Structures are given as structure tokens and as C-alpha cells.
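The data block below is run14.cif; it holds mmCIF, C-alpha atoms.
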data_target
#
loop_
_atom_site.label_atom_id
_atom_site.label_comp_id
_atom_site.auth_asym_id
_atom_site.auth_seq_id
_atom_site.Cartn_x
_atom_site.Cartn_y
_atom_site.Cartn_z
CA MET F 1 -11.12 -22.59 20.93
CA GLY F 2 -13.74 -23.12 18.22
CA ALA F 3 -11.87 -21.60 15.28
CA GLU F 4 -12.66 -23.25 11.94
CA GLY F 5 -11.03 -23.92 8.58
CA LEU F 6 -7.77 -23.11 6.85
CA SER F 7 -7.61 -19.53 8.16
CA GLN F 8 -8.94 -20.39 11.65
CA PHE F 9 -11.93 -18.03 11.79
CA MET F 10 -14.13 -17.88 14.85
CA PRO F 11 -17.76 -18.37 13.73
CA GLY F 12 -18.80 -14.85 14.72
CA THR F 13 -15.91 -13.27 12.83
CA TRP F 14 -16.59 -15.44 9.79
CA LYS F 15 -20.13 -14.08 9.52
CA THR F 16 -18.66 -10.61 8.98
CA TRP F 17 -15.84 -11.45 6.56
CA GLY F 18 -16.81 -14.65 4.75
CA ARG F 19 -18.04 -14.48 1.14
CA ASP F 20 -18.47 -16.96 -1.70
CA ASP F 21 -15.18 -15.93 -3.31
CA ASP F 22 -14.67 -19.22 -5.16
CA GLY F 23 -18.18 -19.10 -6.66
CA ASN F 24 -19.20 -22.62 -5.68
CA GLY F 25 -22.54 -21.58 -4.20
CA ARG F 26 -21.62 -21.76 -0.52
CA ILE F 27 -19.78 -19.57 1.99
CA SER F 28 -17.51 -21.81 4.03
CA PRO F 29 -14.30 -21.34 6.07
CA TYR F 30 -13.41 -24.84 4.86
CA ASP F 31 -13.25 -23.69 1.21
CA PRO F 32 -9.68 -22.42 0.65
CA GLY F 33 -10.84 -19.82 -1.88
CA ASP F 34 -13.30 -18.34 0.59
CA ALA F 35 -11.01 -18.58 3.62
CA ILE F 36 -7.91 -17.04 2.08
CA MET F 37 -9.73 -14.08 0.56
CA ALA F 38 -11.65 -13.47 3.81
CA GLN F 39 -8.38 -13.57 5.73
CA GLY F 40 -6.94 -10.97 3.37
CA ARG F 41 -9.89 -8.65 3.90
CA TYR F 42 -9.77 -9.12 7.65
CA ASP F 43 -5.99 -8.58 7.85
CA CYS F 44 -6.30 -5.31 5.90
CA ALA F 45 -9.01 -4.14 8.27
CA LEU F 46 -6.91 -5.10 11.29
CA ALA F 47 -3.89 -3.26 9.89
CA LYS F 48 -6.02 -0.11 9.56
CA GLN F 49 -7.41 -0.59 13.06
CA VAL F 50 -4.05 -1.06 14.81
CA GLN F 51 -2.58 1.85 12.85
CA GLY F 52 -5.38 3.91 14.39
CA TYR F 53 -4.28 2.73 17.84
CA LYS F 54 -0.75 3.89 17.03
CA ASP F 55 -1.92 7.26 15.72
CA ARG F 56 -3.86 7.86 18.93
CA GLY F 57 -0.98 6.76 21.15
CA GLN F 58 -2.82 3.65 22.34
CA ALA F 59 -0.27 1.16 21.00
CA SER F 60 3.27 1.06 19.67
CA GLY F 61 5.18 -1.29 17.43
CA ASP F 62 5.40 -2.35 13.82
CA THR F 63 1.99 -2.23 12.13
CA LEU F 64 2.43 -5.68 10.57
CA ASP F 65 3.37 -7.16 13.96
CA LEU F 66 0.34 -5.59 15.60
CA ALA F 67 -2.01 -6.70 12.82
CA LEU F 68 -0.81 -10.30 13.10
CA ALA F 69 -1.16 -10.14 16.88
CA ALA F 70 -4.69 -8.80 16.46
CA TYR F 71 -5.55 -11.66 14.10
CA ASN F 72 -4.39 -14.16 16.69
CA ALA F 73 -5.57 -12.58 19.93
CA GLY F 74 -8.11 -9.99 18.81
CA PRO F 75 -7.63 -6.23 18.34
CA GLY F 76 -8.98 -5.57 21.83
CA ALA F 77 -5.99 -7.35 23.34
CA VAL F 78 -3.57 -5.22 21.28
CA GLN F 79 -5.32 -2.07 22.49
CA GLN F 80 -5.43 -3.31 26.10
CA TYR F 81 -1.71 -4.02 26.28
CA GLY F 82 -0.58 -1.18 24.01
CA GLY F 83 1.17 -3.56 21.64
CA ILE F 84 1.67 -7.29 21.15
CA PRO F 85 -0.11 -8.99 24.08
CA PRO F 86 2.07 -10.94 26.54
CA TYR F 87 0.65 -14.26 25.38
CA LYS F 88 3.24 -16.80 24.30
CA GLU F 89 0.94 -18.18 21.61
CA THR F 90 0.46 -14.74 20.09
CA GLN F 91 4.12 -13.78 20.30
CA ASP F 92 5.17 -17.07 18.70
CA TYR F 93 2.51 -16.62 16.00
CA VAL F 94 3.86 -13.22 14.95
CA VAL F 95 7.42 -14.55 14.71
CA ARG F 96 6.36 -17.68 12.84
CA ILE F 97 4.25 -15.90 10.22
CA LYS F 98 6.92 -13.27 9.54
CA SER F 99 9.57 -15.97 9.17
CA LEU F 100 7.58 -17.49 6.29
CA ILE F 101 7.06 -14.31 4.28
CA ALA F 102 10.20 -14.61 2.17
CA LYS F 103 9.41 -18.23 1.27
CA TYR F 104 6.07 -17.34 -0.27
CA GLU F 105 7.19 -14.05 -1.81
CA SER F 106 9.72 -16.02 -3.86
CA VAL F 107 7.15 -18.24 -5.60
CA ASP F 108 6.79 -16.01 -8.66
CA ASP F 109 10.42 -14.83 -8.89
CA PRO F 110 11.54 -14.69 -12.54
CA PRO F 111 14.62 -16.74 -13.47
CA GLY F 112 17.86 -14.81 -13.21
CA LYS F 113 20.95 -14.86 -15.39
CA LEU F 114 24.64 -14.08 -15.10
CA PRO F 115 25.50 -10.54 -16.17
CA PRO F 116 27.49 -10.46 -19.42
CA GLY F 117 31.21 -10.87 -18.82
CA LYS F 118 30.85 -11.67 -15.11
CA GLN F 119 31.29 -14.95 -13.29
CA MET F 120 28.68 -14.21 -10.63
CA ALA F 121 25.59 -12.07 -10.25
CA MET F 122 25.17 -9.70 -7.33
CA PRO F 123 23.61 -11.44 -4.32
CA LEU F 124 21.22 -8.50 -3.86
CA ALA F 125 19.07 -6.61 -6.32
CA GLY F 126 20.15 -3.24 -7.68
CA ASN F 127 23.44 -1.66 -6.68
CA PRO F 128 23.79 -2.34 -2.92
CA PRO F 129 26.47 -0.34 -1.07
CA VAL F 130 29.62 -2.13 0.06
CA THR F 131 30.05 -1.32 3.74
CA SER F 132 33.12 -3.49 4.40
CA PRO F 133 35.28 -5.12 1.69
CA TYR F 134 37.32 -8.30 1.91
CA GLY F 135 40.61 -7.88 3.81
CA TRP F 136 42.23 -7.38 7.20
CA ARG F 137 40.35 -5.21 9.70
CA MET F 138 39.45 -4.78 13.37
CA HIS F 139 36.49 -7.07 13.99
CA PRO F 140 33.50 -4.92 15.08
CA THR F 141 32.24 -7.30 17.78
CA LEU F 142 35.28 -9.36 18.80
CA GLY F 143 37.66 -6.36 18.97
CA VAL F 144 40.61 -8.19 17.39
CA ARG F 145 42.37 -7.71 14.08
CA LYS F 146 41.43 -10.53 11.73
CA LEU F 147 40.74 -11.29 8.09
CA HIS F 148 37.32 -10.17 6.91
CA THR F 149 36.57 -13.18 4.73
CA GLY F 150 33.90 -11.65 2.53
CA THR F 151 32.19 -8.50 1.32
CA ASP F 152 29.52 -6.77 3.39
CA PHE F 153 26.56 -5.07 1.75
CA GLY F 154 24.54 -2.71 3.93
CA VAL F 155 20.84 -3.08 3.14
CA ALA F 156 17.64 -3.20 5.16
CA ALA F 157 16.58 -6.28 7.11
CA GLY F 158 14.24 -8.45 5.10
CA THR F 159 15.81 -7.60 1.73
CA PRO F 160 15.86 -10.79 -0.41
CA VAL F 161 19.27 -12.47 -0.69
CA LEU F 162 19.85 -14.02 -4.12
CA ALA F 163 22.00 -16.92 -5.31
CA ALA F 164 25.01 -15.55 -7.19
CA ARG F 165 25.18 -18.52 -9.56
CA ASP F 166 23.49 -21.87 -10.26
CA GLY F 167 24.43 -24.54 -7.74
CA VAL F 168 23.48 -26.97 -4.99
CA VAL F 169 22.84 -25.94 -1.39
CA THR F 170 25.26 -27.78 0.88
CA PHE F 171 24.27 -26.06 4.14
CA ALA F 172 21.30 -24.01 5.33
CA GLY F 173 20.94 -23.31 9.01
CA TRP F 174 22.38 -21.73 12.12
CA THR F 175 26.02 -21.20 13.07
CA ASN F 176 27.07 -19.12 16.07
CA GLY F 177 29.29 -16.59 14.30
CA TYR F 178 27.47 -16.36 10.98
CA GLY F 179 23.95 -16.63 12.35
CA ASN F 180 21.57 -18.01 9.72
CA ARG F 181 23.79 -19.15 6.87
CA VAL F 182 23.45 -20.70 3.42
CA VAL F 183 26.32 -22.31 1.51
CA ILE F 184 25.99 -23.08 -2.21
CA SER F 185 28.40 -25.26 -4.21
CA HIS F 186 28.82 -24.14 -7.80
CA GLY F 187 30.94 -27.10 -8.84
CA THR F 188 34.10 -26.71 -10.89
CA ILE F 189 34.81 -23.35 -12.54
CA ASP F 190 38.03 -23.06 -14.57
CA GLY F 191 39.42 -26.08 -12.74
CA ASP F 192 38.63 -24.82 -9.23
CA GLN F 193 35.93 -25.88 -6.78
CA ILE F 194 33.83 -22.79 -6.05
CA SER F 195 31.25 -22.15 -3.34
CA THR F 196 29.49 -19.04 -2.08
CA THR F 197 28.10 -18.30 1.38
CA TYR F 198 25.33 -15.95 2.53
CA ASN F 199 25.38 -14.96 6.18
CA HIS F 200 23.62 -13.20 9.10
CA MET F 201 20.18 -13.77 7.57
CA LEU F 202 16.86 -13.73 9.38
CA ALA F 203 15.02 -16.94 10.18
CA GLY F 204 12.84 -18.32 7.42
CA LEU F 205 15.46 -19.40 4.88
CA ASN F 206 14.03 -20.16 1.45
CA VAL F 207 16.25 -23.17 0.79
CA LYS F 208 17.50 -26.32 2.49
CA ALA F 209 20.51 -28.59 2.04
CA GLY F 210 20.26 -30.56 -1.21
CA ASP F 211 18.21 -27.97 -3.09
CA HIS F 212 19.29 -27.08 -6.63
CA VAL F 213 19.13 -23.31 -7.07
CA LYS F 214 19.34 -20.98 -10.04
CA VAL F 215 21.15 -17.67 -10.24
CA GLY F 216 18.92 -14.94 -8.82
CA GLN F 217 16.82 -17.34 -6.74
CA ARG F 218 16.00 -16.18 -3.22
CA VAL F 219 17.84 -18.01 -0.48
CA GLY F 220 16.66 -15.97 2.52
CA PRO F 221 16.16 -12.47 3.97
CA VAL F 222 18.90 -10.07 5.08
CA GLY F 223 19.23 -9.91 8.86
CA SER F 224 21.66 -9.30 11.69
CA THR F 225 22.03 -12.71 13.32
CA GLY F 226 25.26 -14.12 14.74
CA TYR F 227 28.22 -11.79 15.31
CA SER F 228 26.70 -8.72 13.69
CA THR F 229 26.19 -5.07 14.63
CA GLY F 230 23.41 -4.30 12.17
CA ALA F 231 21.44 -5.54 9.19
CA HIS F 232 23.70 -6.50 6.27
CA LEU F 233 24.68 -9.39 4.01
CA HIS F 234 28.12 -10.90 4.54
CA PHE F 235 28.86 -12.60 1.20
CA GLU F 236 31.80 -14.97 0.74
CA VAL F 237 33.44 -16.85 -2.11
CA MET F 238 35.41 -20.03 -1.40
CA GLN F 239 37.92 -21.29 -3.96
CA ASN F 240 39.16 -24.83 -3.30
CA GLY F 241 38.03 -24.48 0.31
CA LYS F 242 39.74 -21.13 0.99
CA TYR F 243 38.14 -17.72 1.25
CA VAL F 244 39.01 -15.32 -1.57
CA ASP F 245 38.02 -11.76 -2.42
CA PRO F 246 34.47 -11.78 -3.87
CA ALA F 247 35.04 -8.49 -5.75
CA PRO F 248 36.61 -9.98 -8.90
CA TRP F 249 33.93 -12.66 -9.05
CA LEU F 250 31.19 -10.03 -8.88
CA GLY F 251 32.97 -7.61 -11.18
CA LEU F 252 33.21 -4.92 -8.49
#
Structure rendered as C-alpha cells:
Amino acid sequence: MGAEGLSQFMPGTWKTWGRDDDGNGRISPYDPGDAIMAQGRYDCALAKQVQGYKDRGQASGDTLDLALAAYNAGPGAVQQYGGIPPYKETQDYVVRIKSLIAKYESVDDPPGKLPPGKQMAMPLAGNPPVTSPYGWRMHPTLGVRKLHTGTDFGVAAGTPVLAARDGVVTFAGWTNGYGNRVVISHGTIDGDQISTTYNHMLAGLNVKAGDHVKVGQRVGPVGSTGYSTGAHLHFEVMQNGKYVDPAPWLGL
């Protein structure tokens, strides 16, 4: 369509937003320093513009979604359709960009450490509320009494999920019941093989099978995929291949 460079600017749009941000004496959409900074300026302006549409009742939806849609299809299309335009390219673009946010947010994460006297760190920052502990219960979606094999923490979608201990990722992907799932092997602890699992996450996992992770490292964003009734993290501990109560491991 004639878009140019790393940030895919149309020539007319580039004239408005491009600057010599990298100080090399030229203004070019093919210079990463210029393109990325121009994209940031343009995205901020689009966010303000689509928020104005929302305030005036001309569009509805999440401001970030609308801003990304405007970047891809133009703000006029967002205004015309009152939200994300019905273009497959634009709809796929919004989903794709949002799925990558957690990956890039994690770049500057500081290294974590095990809390004193505990065998595992919390898989979420702060003091997240336990909404369903390990044990027998009526399953909320299947409607049958069965063992709840982990601990549920009720937090907002997108909240970073953190590795509870150093280890190696043995699985990272989709399963029907668990949705987007990550499994980390922590090797032998006190003579037992220990693994942890992190479940129901959004797309855009931060890790893949074979990755070595450190305690506190992001593995993905909280979601509500698989058999789930709302955003939460279902966290499990496996001891010699069997599910056990995570509470003692976390010091709850």
C-alpha cells in the first residue's frame, strides 16, 4: 500500500510525525531511531483522538484497541464504524500487537529471589487474593465434584505471571482445559521431582519449551482461557508427577 520502514508509515503521515530523533542528519522512516520515536508520538496522538470519539459517543471500545486500529486503518475508519473497523487485517493487527506486549514489557524485569524461609515465591506480584484453594469442590464450568488441583488467584487480565522458582520450561502452549499453559520443571528438591504450572493465560506467552527461567521472571499474562469463568491464575505444584497443595510451598 506504499507504507515505508520499520513502523510502516505512509509518506504523507511521515511528513507530519518524522523527526531526526537519532541525530544522524537525516529524517528517514528507514532509520529505527526515527521510526520508533515517530510511531510513539503518532500512537499517543491517536489515543487522544479516539478517546475524543468515545467521549462524544462516536465510538466505543478499549482506548488501546481503538488507537491500534487507527494506526492500522486510519482514525477516520474508527470514527466511521464506531469502533474497530470490520477489516480482518485491522482486527488481526490489534490482537497480534496486544499479544506481544507482555514479551517486551519483561525485558527490563529485575532478577527475583526466593523469600526467606520459603520454597517458592508467589507467582504474582504483591499479595494476590486466593479465590479458590486446593481441594475438592464443584467445578464451576463442568458442574461435577472434582479435585481442584491448584490454587486460584483472582487478579485482572494482563497481570504478569511470574516463575515461582528457577527452572526449565517443559511446556508452553495451548491445552483445552487449561487454555494457555506453562509448565516449569524445578528439578529435584529434597529428593522429589518438582514442577509448577501456570494456567488460563492470555496469548503471548513470554517463554517457550526449553527456556531456562529465573524466579520472578515473567512467563505470560493472566487471562481466562480454557475452562474458566473469569480472569485468574490457576497455579499448580506437582510432586513426583502428582498434584499437591501449593499453599505450603508458597508459605500461605
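Distance annotation: of F:Val215, F:Ala209, F:Val130, F:Met1, the residue with the minimal separation from Asp166 in chain F is F:Val215; atom set is all atoms listed in the file.
Minimum atom-to-atom distances from F:Val183, F:Thr90, F:Ser99, F:Pro248 to Gly223 in chain F were compared using all atoms listed in the file, and the lowest value belongs to F:Ser99.
In terms of minimum interatomic distance to Gln239 in chain F, F:Thr188 ranks closest within F:Thr225, F:Asn206, F:Gln217, F:Thr188, counting only C-alpha atoms.
Under the PyMOL selection byres ((chain F and resi 124) around 8), the matching residues in the shown file are F:Met122, F:Pro123, F:Ala125, F:Gly126, F:Asn127, F:Pro128, F:Thr159, F:Pro160, F:Val161, F:Leu162.
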Next item on the list: Could you jot down the CA of Val222 in chain F to CA of Ala70 in chain F separation for me, Å, one decimal place?
Entry: 26.2 Å
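Here CA of Lys15 in chain F and CA of Asp62 in chain F stand 28.4 Å from one another.
Here CA of Asn180 in chain F is placed at a distance of 18.7 Å from CA of Asp92 in chain F.
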Next item on the list: I need the residue set behind the PyMOL selection byres ((chain F and resi 150-157) around 9) for this file; please write it as a ChimeraX atom specification.
Entry: /F:124,128-135,147-149,158-160,197,201-202,221-224,230-237,243-247
Check: Selected by the PyMOL selection byres ((chain F and resi 59) around 12) in the shown coordinates: which residues, as number ranges by chain?
Finding: F: 49-58, 60-63, 65-67, 70, 75-85
Note to self: Need to verify the contact set: Ile184 in chain F, 10 Å, all atoms listed in the file, exclusion of same-chain residues closer than 3 positions in sequence. Can you return it as a ChimeraX atom specification?
What the structure shows: /F:163-172,187,194-198,209-213,219,237-238
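Among the candidates F:Leu6, F:Ala38, F:Met138, F:Leu250, the one nearest to Gln119 in chain F when counting all atoms listed in the file is F:Leu250.
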Check: Excluding same-chain residues fewer than 4 positions from Leu142 in chain F, what lies within 12 Å of it counting all atoms listed in the file, as a list of chain:residue names?
Finding: F:Arg137, F:Met138, F:Lys146, F:Gly177, F:Gly226, F:Tyr227, F:Ser228, F:Thr229
Around all the atoms of range 202-215 of chain F listed in the file, draw an axis-aligned box and extend it by 3 Å on each of the six sides; I want its centre and edge lengths in Å to one decimal, as AutoDock Vina command-line options.
--center_x 17.0 --center_y -22.1 --center_z 0.0 --size_x 14.3 --size_y 22.8 --size_z 26.4
Margin query: Can you tell me which residues surround Tyr30 in chain F at a distance of at most 12 Å, considering only C-alpha atoms, apart from same-chain residues fewer than 6 positions away, and format the answer as a ChimeraX atom specification?
Written below: /F:3-9,11,14,18-20,22,36,38
